[in-house]
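A.B. asks: You'll find start-v5.pdb just under this line, and it carries PDB, C-alpha atoms and all ligand atoms.
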ATOM      1  CA  MET D 188     121.463  98.754  68.354
ATOM      2  CA  ASN D 189     119.444  95.563  68.126
ATOM      3  CA  ASP D 190     120.242  92.941  70.713
ATOM      4  CA  PRO D 191     122.200  90.452  68.550
ATOM      5  CA  GLY D 192     121.414  87.672  71.028
ATOM      6  CA  LEU D 193     123.481  84.610  71.864
ATOM      7  CA  PHE D 194     124.617  82.808  68.713
ATOM      8  CA  TRP D 195     123.114  79.440  69.675
ATOM      9  CA  GLN D 196     119.705  81.075  70.127
ATOM     10  CA  ALA D 197     119.411  82.203  66.512
ATOM     11  CA  GLY D 198     116.939  79.459  65.598
ATOM     12  CA  ALA D 199     114.760  80.002  68.659
ATOM     13  CA  TRP D 200     114.795  83.745  68.081
ATOM     14  CA  GLN D 201     113.929  83.470  64.412
ATOM     15  CA  ARG D 202     110.775  81.599  65.270
ATOM     16  CA  LEU D 203     109.727  84.024  68.005
ATOM     17  CA  GLY D 204     110.852  87.298  66.433
ATOM     18  CA  ALA D 205     109.210  86.606  63.094
ATOM     19  CA  ALA D 206     105.915  85.616  64.709
ATOM     20  CA  LEU D 207     105.951  88.682  66.943
ATOM     21  CA  ALA D 208     106.742  91.055  64.073
ATOM     22  CA  ALA D 209     103.906  89.521  62.055
ATOM     23  CA  GLY D 210     101.537  89.989  64.989
ATOM     24  CA  ARG D 211     100.798  86.296  65.286
ATOM     25  CA  LEU D 212     102.837  85.293  68.333
ATOM     26  CA  HIS D 213     100.849  83.274  70.856
ATOM     27  CA  HIS D 214     100.114  85.330  73.995
ATOM     28  CA  ALA D 215     101.956  82.870  76.253
ATOM     29  CA  VAL D 216     105.422  81.467  75.553
ATOM     30  CA  LEU D 217     107.231  78.824  77.578
ATOM     31  CA  ILE D 218     110.998  78.989  77.118
ATOM     32  CA  GLY D 219     112.727  75.752  78.145
ATOM     33  CA  GLY D 220     116.326  74.579  78.072
ATOM     34  CA  GLN D 221     119.006  73.423  80.464
ATOM     35  CA  PRO D 222     120.552  75.840  83.002
ATOM     36  CA  GLY D 223     122.978  78.361  81.527
ATOM     37  CA  VAL D 224     121.779  78.527  77.934
ATOM     38  CA  GLY D 225     120.370  82.036  78.385
ATOM     39  CA  LYS D 226     116.629  81.404  78.608
ATOM     40  CA  GLY D 227     116.221  84.600  80.643
ATOM     41  CA  ALA D 228     118.151  86.621  78.056
ATOM     42  CA  LEU D 229     115.892  85.300  75.307
ATOM     43  CA  ALA D 230     112.822  86.158  77.400
ATOM     44  CA  ARG D 231     114.059  89.743  77.877
ATOM     45  CA  ARG D 232     114.882  90.093  74.207
ATOM     46  CA  LEU D 233     111.346  89.033  73.411
ATOM     47  CA  ALA D 234     109.973  91.422  76.050
ATOM     48  CA  ALA D 235     111.883  94.350  74.538
ATOM     49  CA  ALA D 236     110.712  93.404  71.043
ATOM     50  CA  HIS D 237     107.104  93.402  72.279
ATOM     51  CA  LEU D 238     107.344  96.748  74.099
ATOM     52  CA  CYS D 239     109.605  98.673  71.701
ATOM     53  CA  PRO D 240     107.647 100.963  69.306
ATOM     54  CA  ARG D 241     110.428 100.630  66.698
ATOM     55  CA  ALA D 242     110.872  96.856  66.885
ATOM     56  CA  THR D 243     111.606  94.750  63.811
ATOM     57  CA  ALA D 244     111.860  90.972  63.354
ATOM     58  CA  ALA D 245     115.418  91.330  64.720
ATOM     59  CA  GLY D 246     114.040  92.586  68.051
ATOM     60  CA  GLY D 247     113.733  95.865  69.931
ATOM     61  CA  CYS D 248     115.730  98.840  68.635
ATOM     62  CA  GLY D 249     117.886  98.822  71.768
ATOM     63  CA  ALA D 250     118.008 102.625  71.917
ATOM     64  CA  CYS D 251     114.545 103.908  72.795
ATOM     65  CA  PRO D 252     113.344 104.529  76.385
ATOM     66  CA  ALA D 253     111.236 101.350  76.282
ATOM     67  CA  CYS D 254     114.226  99.153  75.335
ATOM     68  CA  ARG D 255     116.431 100.783  77.967
ATOM     69  CA  GLN D 256     113.797 100.393  80.648
ATOM     70  CA  VAL D 257     113.284  96.723  79.829
ATOM     71  CA  ALA D 258     117.054  96.194  80.061
ATOM     72  CA  ALA D 259     117.072  97.951  83.443
ATOM     73  CA  GLY D 260     113.964  96.117  84.628
ATOM     74  CA  SER D 261     112.183  99.437  85.212
ATOM     75  CA  HIS D 262     109.678  99.536  82.338
ATOM     76  CA  PRO D 263     106.217 100.291  83.810
ATOM     77  CA  ASP D 264     104.569  97.729  81.504
ATOM     78  CA  PHE D 265     107.102  95.013  82.328
ATOM     79  CA  SER D 266     106.599  92.693  85.322
ATOM     80  CA  LEU D 267     108.945  90.014  86.574
ATOM     81  CA  LEU D 268     107.790  87.260  88.900
ATOM     82  CA  GLU D 269     110.761  85.587  90.570
ATOM     83  CA  PRO D 270     111.340  83.990  93.999
ATOM     84  CA  GLU D 271     112.409  86.235  96.876
ATOM     85  CA  GLU D 272     115.548  84.108  97.122
ATOM     86  CA  PRO D 273     116.983  81.671  94.581
ATOM     87  CA  GLY D 274     115.493  78.222  95.073
ATOM     88  CA  LYS D 275     112.471  79.472  97.047
ATOM     89  CA  ALA D 276     108.927  78.742  95.917
ATOM     90  CA  LEU D 277     106.724  81.254  94.106
ATOM     91  CA  PRO D 278     103.615  81.480  96.292
ATOM     92  CA  ILE D 279     100.047  82.280  95.293
ATOM     93  CA  ASP D 280     100.214  85.797  96.784
ATOM     94  CA  ALA D 281     103.099  86.699  94.506
ATOM     95  CA  VAL D 282     101.181  85.386  91.493
ATOM     96  CA  ARG D 283      98.130  87.472  92.469
ATOM     97  CA  GLY D 284     100.233  90.624  92.601
ATOM     98  CA  PHE D 285     101.852  89.793  89.286
ATOM     99  CA  ALA D 286      98.530  89.017  87.578
ATOM    100  CA  GLY D 287      97.101  92.256  88.997
ATOM    101  CA  GLN D 288      99.958  94.260  87.452
ATOM    102  CA  LEU D 289      99.399  92.630  84.083
ATOM    103  CA  ALA D 290      95.686  93.406  84.203
ATOM    104  CA  LEU D 291      96.332  97.185  84.458
ATOM    105  CA  THR D 292      96.174  99.333  81.318
ATOM    106  CA  SER D 293      99.477  99.673  79.471
ATOM    107  CA  GLN D 294     101.148 102.958  80.467
ATOM    108  CA  TYR D 295     103.050 103.433  77.222
ATOM    109  CA  GLY D 296     100.226 102.054  75.110
ATOM    110  CA  HIS D 297     102.384  99.335  73.621
ATOM    111  CA  GLY D 298     101.128  96.301  75.443
ATOM    112  CA  LYS D 299     102.461  94.572  78.538
ATOM    113  CA  VAL D 300     104.893  91.774  79.281
ATOM    114  CA  GLY D 301     105.189  89.500  82.291
ATOM    115  CA  ILE D 302     108.032  87.030  82.837
ATOM    116  CA  VAL D 303     107.820  84.152  85.341
ATOM    117  CA  GLU D 304     111.268  82.800  86.140
ATOM    118  CA  PRO D 305     111.820  80.022  87.068
ATOM    119  CA  ALA D 306     108.250  78.961  86.376
ATOM    120  CA  GLU D 307     108.624  75.509  87.951
ATOM    121  CA  GLN D 308     109.074  77.183  91.336
ATOM    122  CA  MET D 309     105.387  78.093  91.378
ATOM    123  CA  THR D 310     103.418  76.176  94.003
ATOM    124  CA  VAL D 311     100.407  74.251  92.704
ATOM    125  CA  ALA D 312      98.105  76.971  94.092
ATOM    126  CA  ALA D 313     100.225  79.653  92.418
ATOM    127  CA  ALA D 314     100.197  77.805  89.095
ATOM    128  CA  ASN D 315      96.433  77.443  89.293
ATOM    129  CA  GLY D 316      96.248  81.146  90.117
ATOM    130  CA  LEU D 317      98.162  81.931  86.925
ATOM    131  CA  LEU D 318      95.848  79.829  84.763
ATOM    132  CA  LYS D 319      93.206  82.546  84.552
ATOM    133  CA  THR D 320      95.765  85.046  83.208
ATOM    134  CA  LEU D 321      96.947  82.405  80.753
ATOM    135  CA  GLU D 322      93.423  81.700  79.583
ATOM    136  CA  GLU D 323      92.149  85.263  79.346
ATOM    137  CA  PRO D 324      95.062  87.677  79.120
ATOM    138  CA  ALA D 325      94.351  91.393  78.746
ATOM    139  CA  PRO D 326      94.709  92.429  75.081
ATOM    140  CA  GLY D 327      98.305  93.137  74.081
ATOM    141  CA  THR D 328      99.709  91.146  77.000
ATOM    142  CA  LEU D 329     102.568  88.724  76.457
ATOM    143  CA  LEU D 330     103.319  86.210  79.186
ATOM    144  CA  ILE D 331     106.721  84.462  79.136
ATOM    145  CA  LEU D 332     107.409  81.473  81.354
ATOM    146  CA  VAL D 333     111.039  80.438  81.772
ATOM    147  CA  SER D 334     111.921  76.973  83.032
ATOM    148  CA  ALA D 335     114.856  74.561  83.049
ATOM    149  CA  GLU D 336     112.385  71.837  84.005
ATOM    150  CA  PRO D 337     109.177  72.399  82.023
ATOM    151  CA  GLY D 338     108.175  68.821  82.866
ATOM    152  CA  ARG D 339     107.534  69.936  86.435
ATOM    153  CA  LEU D 340     104.904  72.476  85.345
ATOM    154  CA  LEU D 341     101.224  71.580  85.467
ATOM    155  CA  PRO D 342     100.106  70.103  82.135
ATOM    156  CA  THR D 343      97.329  72.717  82.077
ATOM    157  CA  ILE D 344     100.001  75.437  82.142
ATOM    158  CA  ARG D 345     102.205  73.829  79.501
ATOM    159  CA  SER D 346      99.349  73.183  77.108
ATOM    160  CA  ARG D 347      98.403  76.869  77.084
ATOM    161  CA  CYS D 348     101.850  78.020  76.037
ATOM    162  CA  LEU D 349     103.829  78.039  72.841
ATOM    163  CA  GLN D 350     106.859  75.949  73.830
ATOM    164  CA  VAL D 351     110.314  76.922  72.645
ATOM    165  CA  THR D 352     113.493  75.120  73.686
ATOM    166  CA  VAL D 353     116.861  76.848  73.756
ATOM    167  CA  PRO D 354     119.517  74.269  72.817
ATOM    168  CA  ALA D 355     123.067  74.214  74.177
ATOM    169  CA  PRO D 356     125.657  75.136  71.547
ATOM    170  CA  GLU D 357     127.945  72.544  69.970
ATOM    171  CA  PRO D 358     131.003  71.846  72.161
ATOM    172  CA  GLU D 359     133.613  73.491  69.918
ATOM    173  CA  ALA D 360     131.628  76.655  69.410
ATOM    174  CA  ALA D 361     130.792  76.840  73.117
ATOM    175  CA  LEU D 362     134.450  76.459  74.076
ATOM    176  CA  ALA D 363     135.526  79.200  71.683
ATOM    177  CA  TRP D 364     132.807  81.522  73.003
ATOM    178  CA  LEU D 365     133.846  80.799  76.591
ATOM    179  CA  ALA D 366     137.588  81.141  75.975
ATOM    180  CA  GLU D 367     136.969  84.703  74.751
ATOM    181  CA  ARG D 368     135.196  85.593  77.976
ATOM    182  CA  LEU D 369     137.031  83.753  80.736
ATOM    183  CA  GLU D 370     139.864  85.370  82.648
ATOM    184  CA  GLU D 371     141.700  82.070  82.248
ATOM    185  CA  PRO D 372     140.775  80.665  78.807
ATOM    186  CA  ALA D 373     142.510  77.351  79.566
ATOM    187  CA  VAL D 374     139.734  76.369  81.985
ATOM    188  CA  ALA D 375     136.997  76.642  79.326
ATOM    189  CA  GLY D 376     136.581  72.866  79.021
ATOM    190  CA  GLU D 377     136.431  72.408  82.756
ATOM    191  CA  ALA D 378     133.945  75.253  83.171
ATOM    192  CA  LEU D 379     131.698  73.964  80.394
ATOM    193  CA  ALA D 380     131.756  70.484  81.933
ATOM    194  CA  ALA D 381     130.950  71.895  85.390
ATOM    195  CA  ALA D 382     127.931  73.605  83.804
ATOM    196  CA  ARG D 383     126.958  70.542  81.771
ATOM    197  CA  GLY D 384     127.207  72.487  78.552
ATOM    198  CA  GLY D 385     125.410  75.714  79.563
ATOM    199  CA  PRO D 386     127.825  78.513  78.533
ATOM    200  CA  LEU D 387     126.379  81.265  80.744
ATOM    201  CA  ARG D 388     126.367  78.963  83.736
ATOM    202  CA  ALA D 389     129.960  77.992  82.915
ATOM    203  CA  LEU D 390     130.962  81.664  83.074
ATOM    204  CA  ALA D 391     129.155  82.130  86.374
ATOM    205  CA  LEU D 392     130.668  79.004  87.946
ATOM    206  CA  ALA D 393     134.189  80.005  86.887
ATOM    207  CA  GLY D 394     133.600  83.481  88.316
ATOM    208  CA  GLU D 395     132.455  82.231  91.695
ATOM    209  CA  GLY D 396     135.310  79.785  92.345
ATOM    210  CA  ALA D 397     133.244  76.653  91.731
ATOM    211  CA  LEU D 398     135.950  75.089  89.569
ATOM    212  CA  GLU D 399     138.254  74.824  92.587
ATOM    213  CA  ALA D 400     135.416  73.146  94.507
ATOM    214  CA  ARG D 401     134.941  70.740  91.622
ATOM    215  CA  ARG D 402     138.656  69.864  91.622
ATOM    216  CA  ARG D 403     138.519  69.123  95.366
ATOM    217  CA  TRP D 404     135.498  66.906  94.798
ATOM    218  CA  HIS D 405     137.133  65.141  91.872
ATOM    219  CA  ALA D 406     140.159  64.321  94.059
ATOM    220  CA  ALA D 407     137.848  62.903  96.743
ATOM    221  CA  VAL D 408     135.914  60.861  94.181
ATOM    222  CA  VAL D 409     139.107  59.421  92.641
ATOM    223  CA  ALA D 410     140.494  58.602  96.095
ATOM    224  CA  VAL D 411     137.316  56.745  97.102
ATOM    225  CA  ALA D 412     136.820  54.987  93.760
ATOM    226  CA  SER D 413     140.384  53.691  93.815
ATOM    227  CA  GLY D 414     140.164  52.575  97.440
ATOM    228  CA  GLN D 415     142.811  55.040  98.599
ATOM    229  CA  ALA D 416     140.455  56.803 101.004
ATOM    230  CA  ASP D 417     137.333  55.847 102.895
ATOM    231  CA  PRO D 418     134.134  57.827 102.230
ATOM    232  CA  VAL D 419     134.096  59.622 105.576
ATOM    233  CA  SER D 420     137.641  60.950 105.430
ATOM    234  CA  ALA D 421     137.333  61.873 101.756
ATOM    235  CA  ALA D 422     134.099  63.748 102.478
ATOM    236  CA  ALA D 423     135.883  65.751 105.168
ATOM    237  CA  ASP D 424     138.099  67.392 102.523
ATOM    238  CA  CYS D 425     135.230  69.098 100.761
ATOM    239  CA  THR D 426     132.720  69.994 103.447
ATOM    240  CA  ARG D 427     132.633  73.687 102.463
ATOM    241  CA  ASP D 428     131.221  72.929  99.033
ATOM    242  CA  ASP D 429     127.646  72.575  97.813
ATOM    243  CA  VAL D 430     126.578  68.948  98.128
ATOM    244  CA  ARG D 431     123.884  69.220  95.442
ATOM    245  CA  ARG D 432     126.508  70.326  92.954
ATOM    246  CA  GLN D 433     128.787  67.518  94.093
ATOM    247  CA  LEU D 434     126.048  64.989  93.426
ATOM    248  CA  GLU D 435     125.346  66.522  90.022
ATOM    249  CA  TRP D 436     129.034  66.486  89.066
ATOM    250  CA  LEU D 437     129.468  62.870  90.098
ATOM    251  CA  GLN D 438     126.370  61.945  88.109
ATOM    252  CA  GLN D 439     127.913  63.636  85.116
ATOM    253  CA  TRP D 440     131.262  61.815  85.442
ATOM    254  CA  VAL D 441     129.445  58.527  85.749
ATOM    255  CA  ALA D 442     127.227  59.293  82.745
ATOM    256  CA  ASP D 443     130.271  60.259  80.656
ATOM    257  CA  LEU D 444     132.049  57.032  81.666
ATOM    258  CA  ALA D 445     129.050  54.930  80.693
ATOM    259  CA  ARG D 446     128.618  56.712  77.386
ATOM    260  CA  MET D 447     132.279  56.494  76.451
ATOM    261  CA  ALA D 448     132.418  52.820  77.400
ATOM    262  CA  ALA D 449     129.522  52.294  74.999
ATOM    263  CA  GLY D 450     131.399  54.140  72.237
ATOM    264  CA  GLY D 451     129.396  57.391  72.411
ATOM    265  CA  ALA D 452     130.798  60.744  71.312
ATOM    266  CA  PRO D 453     131.391  63.688  73.660
ATOM    267  CA  ARG D 454     128.421  66.044  74.082
ATOM    268  CA  PRO D 455     128.327  69.734  75.012
ATOM    269  CA  GLY D 456     129.592  69.748  78.562
ATOM    270  CA  SER D 457     131.294  66.335  78.532
ATOM    271  CA  ALA D 458     134.043  66.127  81.134
ATOM    272  CA  PRO D 459     137.598  66.595  79.814
ATOM    273  CA  GLU D 460     139.574  63.393  79.275
ATOM    274  CA  ALA D 461     141.962  64.265  82.137
ATOM    275  CA  GLU D 462     139.041  64.080  84.566
ATOM    276  CA  LEU D 463     137.649  60.805  83.281
ATOM    277  CA  GLN D 464     140.889  58.923  82.861
ATOM    278  CA  PRO D 465     141.573  58.197  86.562
ATOM    279  CA  LEU D 466     137.950  57.104  87.051
ATOM    280  CA  ARG D 467     137.911  54.810  84.068
ATOM    281  CA  GLN D 468     140.436  52.529  85.740
ATOM    282  CA  THR D 469     138.044  51.776  88.587
ATOM    283  CA  THR D 470     134.637  51.924  86.972
ATOM    284  CA  ASN D 471     133.496  49.611  84.179
ATOM    285  CA  VAL D 472     130.273  50.122  82.292
ATOM    286  CA  GLU D 473     128.098  47.818  84.472
ATOM    287  CA  ARG D 474     129.369  49.572  87.585
ATOM    288  CA  ALA D 475     128.777  52.988  86.016
ATOM    289  CA  LEU D 476     125.209  52.095  85.091
ATOM    290  CA  ALA D 477     124.433  50.710  88.548
ATOM    291  CA  LEU D 478     125.936  53.777  90.167
ATOM    292  CA  SER D 479     124.081  56.066  87.805
ATOM    293  CA  GLY D 480     120.765  54.530  88.878
ATOM    294  CA  ALA D 481     121.604  54.771  92.573
ATOM    295  CA  LEU D 482     122.676  58.419  92.266
ATOM    296  CA  ALA D 483     119.554  59.308  90.292
ATOM    297  CA  ARG D 484     117.366  57.811  93.049
ATOM    298  CA  LEU D 485     119.302  59.781  95.645
ATOM    299  CA  ARG D 486     118.802  62.997  93.652
ATOM    300  CA  GLN D 487     115.105  62.301  93.170
ATOM    301  CA  GLY D 488     114.761  62.092  96.943
ATOM    302  CA  LEU D 489     116.193  65.608  97.271
ATOM    303  CA  VAL D 490     113.518  67.458  95.317
ATOM    304  CA  ASP D 491     111.994  70.063  97.653
ATOM    305  CA  THR D 492     113.982  68.891 100.673
ATOM    306  CA  ASN D 493     116.814  70.394 102.640
ATOM    307  CA  PRO D 494     119.232  67.522 103.212
ATOM    308  CA  ASN D 495     121.873  67.203 105.902
ATOM    309  CA  ALA D 496     124.825  68.016 103.664
ATOM    310  CA  GLU D 497     127.403  66.087 105.664
ATOM    311  CA  LEU D 498     125.388  62.853 105.765
ATOM    312  CA  LEU D 499     124.406  63.150 102.133
ATOM    313  CA  ARG D 500     128.015  63.661 101.032
ATOM    314  CA  GLU D 501     129.083  60.558 102.944
ATOM    315  CA  GLU D 502     126.186  58.592 101.494
ATOM    316  CA  ILE D 503     127.195  59.587  97.963
ATOM    317  CA  LEU D 504     130.802  58.561  98.492
ATOM    318  CA  THR D 505     129.708  55.330 100.178
ATOM    319  CA  LEU D 506     127.660  54.468  97.098
ATOM    320  CA  LEU D 507     130.726  55.184  95.007
ATOM    321  CA  ALA D 508     132.846  52.898  97.172
ATOM    322  CA  GLY D 509     130.271  50.175  96.577
ATOM    323  CA  GLN D 510     129.698  49.623 100.265
ATOM    324  CA  ASP D 511     126.113  50.577 100.925
ATOM    325  CA  THR D 512     125.871  50.839 104.685
ATOM    326  CA  ARG D 513     122.330  52.136 105.028
ATOM    327  CA  PRO D 514     120.150  50.124 107.413
ATOM    328  CA  GLY D 515     118.391  47.405 105.481
ATOM    329  CA  ALA D 516     120.773  47.598 102.518
ATOM    330  CA  SER D 517     122.409  44.362 101.516
TER     331      SER D 517
HETATM  332 ZN    ZN E   1     113.346 100.225  71.307
END
Spit out the file's structure as structure tokens when you get a sec.
Ligand SMILES: [Zn+2]
C.D. replies:
Amino acid sequence: MNDPGLFWQAGAWQRLGAALAAGRLHHAVLIGGQPGVGKGALARRLAAAHLCPRATAAGGCGACPACRQVAAGSHPDFSLLEPEEPGKALPIDAVRGFAGQLALTSQYGHGKVGIVEPAEQMTVAAANGLLKTLEEPAPGTLLILVSAEPGRLLPTIRSRCLQVTVPAPEPEAALAWLAERLEEPAVAGEALAAARGGPLRALALAGEGALEARRRWHAAVVAVASGQADPVSAAADCTRDDVRRQLEWLQQWVADLARMAAGGAPRPGSAPEAELQPLRQTTNVERALALSGALARLRQGLVDTNPNAELLREEILTLLAGQDTRPGAS
């Protein structure tokens, strides 16, 4: 059976599938979109459609050996370049190996596909190493770059790709989709908010216990914002949890507060009212905007660094309390 795809990807697929079936798809495609919208699934659907001898505009047939091997990641003409561990860089050596694979003759005689995911993890040397493959791919080769942050790719890479963005679904449709798949449908809104609107990420977060971590963090944030706890003691209650996620979640609460104060409508992944209500009492729109800027600067400083989680968590909550204690701060 054809891969029916994720319902919110129908538009993106239509564009890609039709071009591929007509034999006029660009040889390099960059799939963008926020985390959890299924960029990787779309990339694999496109890979199967390219390698399947019975493909139609709807995609690969889903039944032939080629389709099954793509699904299993074992197709000899399919290469995946991904970091050794999540979050690690993609080095030049890995790109050389990947490009070498793609340069070999197709074993099944139906072209080749290479996926780079996440593409923004390539080092500058690695990205430059990939340029040659992007410029002069072997005939019948399709290269698919997947990235939640296409803006971090070299402009020379981006400009050589057909760019397709996978949107997040509308909130109501996303919640219905999630409620059908969650063990506890009642947490759909919370899960979607934790994932900032990315349904697949929402499922993953709910499955790995991240919603409990988010509730602990929310309690700490409310306690600090309302002056009921100091940043250091509040931070101590959630030391087991991922500080990058905590920063991201606080940024999201603050952004939702600012948008609602300005009369904006909820977006996919907006925090449920029950989460925002206790924060709204302590944070007006000027405060939310100031905090939003400070948190964004803090996050910017974290790109490619390994922060001391404990200090960072205290710094975040200190910003929230409005008592910046860093040396030199006034
Ligand atoms: Zn097939």
A.B. asks: Under the rule of at most 7 Å, produce a per-residue listing of chain D near ligand ZN 1 (chain E): chain, number, name, the closest pair of atoms, and the distance in Å, as a Markdown table, using all atoms listed in the file.
C.D. replies:
| residue | atom | partner | partner_atom | distance |
| --- | --- | --- | --- | --- |
| D:Ala235 | CA | E:ZN1 | ZN | 6.9 |
| D:Cys239 | CA | E:ZN1 | ZN | 4.1 |
| D:Pro240 | CA | E:ZN1 | ZN | 6.1 |
| D:Arg241 | CA | E:ZN1 | ZN | 5.5 |
| D:Ala242 | CA | E:ZN1 | ZN | 6.1 |
| D:Gly247 | CA | E:ZN1 | ZN | 4.6 |
| D:Cys248 | CA | E:ZN1 | ZN | 3.8 |
| D:Gly249 | CA | E:ZN1 | ZN | 4.8 |
| D:Ala250 | CA | E:ZN1 | ZN | 5.3 |
| D:Cys251 | CA | E:ZN1 | ZN | 4.1 |
| D:Pro252 | CA | E:ZN1 | ZN | 6.7 |
| D:Ala253 | CA | E:ZN1 | ZN | 5.5 |
| D:Cys254 | CA | E:ZN1 | ZN | 4.3 |
A.B. asks: With the PyMOL selection byres (((chain D and resi 428-443) around 7) and not hetatm) as the selection, what would be picked from this file? Answer as a list in words, please.
C.D. replies: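 So the PyMOL selection byres (((chain D and resi 428-443) around 7) and not hetatm), applied here, picks out Ala381, Ala400, Trp404, Cys425, Thr426, Arg427, Leu444, Ala445, Arg446, Met447, Ser457, Ala458, Leu463, Ala475, Ser479, Leu482, Ala496 and Arg500 of chain D.
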A.B. asks: In terms of the shortest atom-to-atom distance over only C-alpha atoms, which of D:Ala360, D:Ala389, D:Gly287, D:Leu267 is closest to Phe194 in chain D?
C.D. replies: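 The shortest atom-to-atom distance to Phe194 in chain D comes from D:Ala360.
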A.B. asks: Dig up all the protein and nucleic acid residues within 10 Å of (103.3, 71.2, 99.1) in the file frame, using only C-alpha atoms, and format them as a ChimeraX atom specification.
C.D. replies: /D:276,310-312,491
A.B. asks: Please write as a PDB file with C-alpha atoms, in the frame of the given file the full residue list that the PyMOL selection byres (((chain D and resi 236) around 12) and not hetatm) yields on this file.
C.D. replies:
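Final file, selection-v2.pdb:
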ATOM      1  CA  ASN D 189     119.444  95.563  68.126  1.00  0.00           C
ATOM      2  CA  ASP D 190     120.242  92.941  70.713  1.00  0.00           C
ATOM      3  CA  TRP D 200     114.795  83.745  68.081  1.00  0.00           C
ATOM      4  CA  LEU D 203     109.727  84.024  68.005  1.00  0.00           C
ATOM      5  CA  GLY D 204     110.852  87.298  66.433  1.00  0.00           C
ATOM      6  CA  ALA D 205     109.210  86.606  63.094  1.00  0.00           C
ATOM      7  CA  ALA D 206     105.915  85.616  64.709  1.00  0.00           C
ATOM      8  CA  LEU D 207     105.951  88.682  66.943  1.00  0.00           C
ATOM      9  CA  ALA D 208     106.742  91.055  64.073  1.00  0.00           C
ATOM     10  CA  ALA D 209     103.906  89.521  62.055  1.00  0.00           C
ATOM     11  CA  GLY D 210     101.537  89.989  64.989  1.00  0.00           C
ATOM     12  CA  LEU D 212     102.837  85.293  68.333  1.00  0.00           C
ATOM     13  CA  LEU D 229     115.892  85.300  75.307  1.00  0.00           C
ATOM     14  CA  ALA D 230     112.822  86.158  77.400  1.00  0.00           C
ATOM     15  CA  ARG D 231     114.059  89.743  77.877  1.00  0.00           C
ATOM     16  CA  ARG D 232     114.882  90.093  74.207  1.00  0.00           C
ATOM     17  CA  LEU D 233     111.346  89.033  73.411  1.00  0.00           C
ATOM     18  CA  ALA D 234     109.973  91.422  76.050  1.00  0.00           C
ATOM     19  CA  ALA D 235     111.883  94.350  74.538  1.00  0.00           C
ATOM     20  CA  HIS D 237     107.104  93.402  72.279  1.00  0.00           C
ATOM     21  CA  LEU D 238     107.344  96.748  74.099  1.00  0.00           C
ATOM     22  CA  CYS D 239     109.605  98.673  71.701  1.00  0.00           C
ATOM     23  CA  PRO D 240     107.647 100.963  69.306  1.00  0.00           C
ATOM     24  CA  ARG D 241     110.428 100.630  66.698  1.00  0.00           C
ATOM     25  CA  ALA D 242     110.872  96.856  66.885  1.00  0.00           C
ATOM     26  CA  THR D 243     111.606  94.750  63.811  1.00  0.00           C
ATOM     27  CA  ALA D 244     111.860  90.972  63.354  1.00  0.00           C
ATOM     28  CA  ALA D 245     115.418  91.330  64.720  1.00  0.00           C
ATOM     29  CA  GLY D 246     114.040  92.586  68.051  1.00  0.00           C
ATOM     30  CA  GLY D 247     113.733  95.865  69.931  1.00  0.00           C
ATOM     31  CA  CYS D 248     115.730  98.840  68.635  1.00  0.00           C
ATOM     32  CA  GLY D 249     117.886  98.822  71.768  1.00  0.00           C
ATOM     33  CA  ALA D 250     118.008 102.625  71.917  1.00  0.00           C
ATOM     34  CA  CYS D 251     114.545 103.908  72.795  1.00  0.00           C
ATOM     35  CA  ALA D 253     111.236 101.350  76.282  1.00  0.00           C
ATOM     36  CA  CYS D 254     114.226  99.153  75.335  1.00  0.00           C
ATOM     37  CA  ARG D 255     116.431 100.783  77.967  1.00  0.00           C
ATOM     38  CA  VAL D 257     113.284  96.723  79.829  1.00  0.00           C
ATOM     39  CA  ALA D 258     117.054  96.194  80.061  1.00  0.00           C
ATOM     40  CA  PHE D 265     107.102  95.013  82.328  1.00  0.00           C
ATOM     41  CA  HIS D 297     102.384  99.335  73.621  1.00  0.00           C
ATOM     42  CA  GLY D 298     101.128  96.301  75.443  1.00  0.00           C
ATOM     43  CA  LYS D 299     102.461  94.572  78.538  1.00  0.00           C
ATOM     44  CA  VAL D 300     104.893  91.774  79.281  1.00  0.00           C
ATOM     45  CA  LEU D 329     102.568  88.724  76.457  1.00  0.00           C
TER      46      LEU D 329
END
A.B. asks: Please indicate the distance in Å from CA of Leu321 in chain D to CA of Ala335 in chain D, rounded to one decimal place.
C.D. replies: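 One can read the CA of Leu321 in chain D to CA of Ala335 in chain D distance as 19.7 Å.
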A.B. asks: Can you pull out the residues contacting range 339-352 of chain D? Cut-off 10 Å, using only C-alpha atoms, and skip same-chain residues under 4 positions away; I want them as a PyMOL selection string.
C.D. replies: chain D and resi 196+198-200+202-203+212-221+224+226+306-311+314-315+317-318+321-322+330-335
A.B. asks: Please determine, counting all atoms listed in the file, which residue among D:Leu499, D:Ala375, D:Ala197, D:Leu504 has the shortest atom-to-atom distance to Pro455 in chain D.
C.D. replies: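 Of D:Leu499, D:Ala375, D:Ala197, D:Leu504, the one nearest Pro455 in chain D, counting all atoms listed in the file, is D:Ala375.
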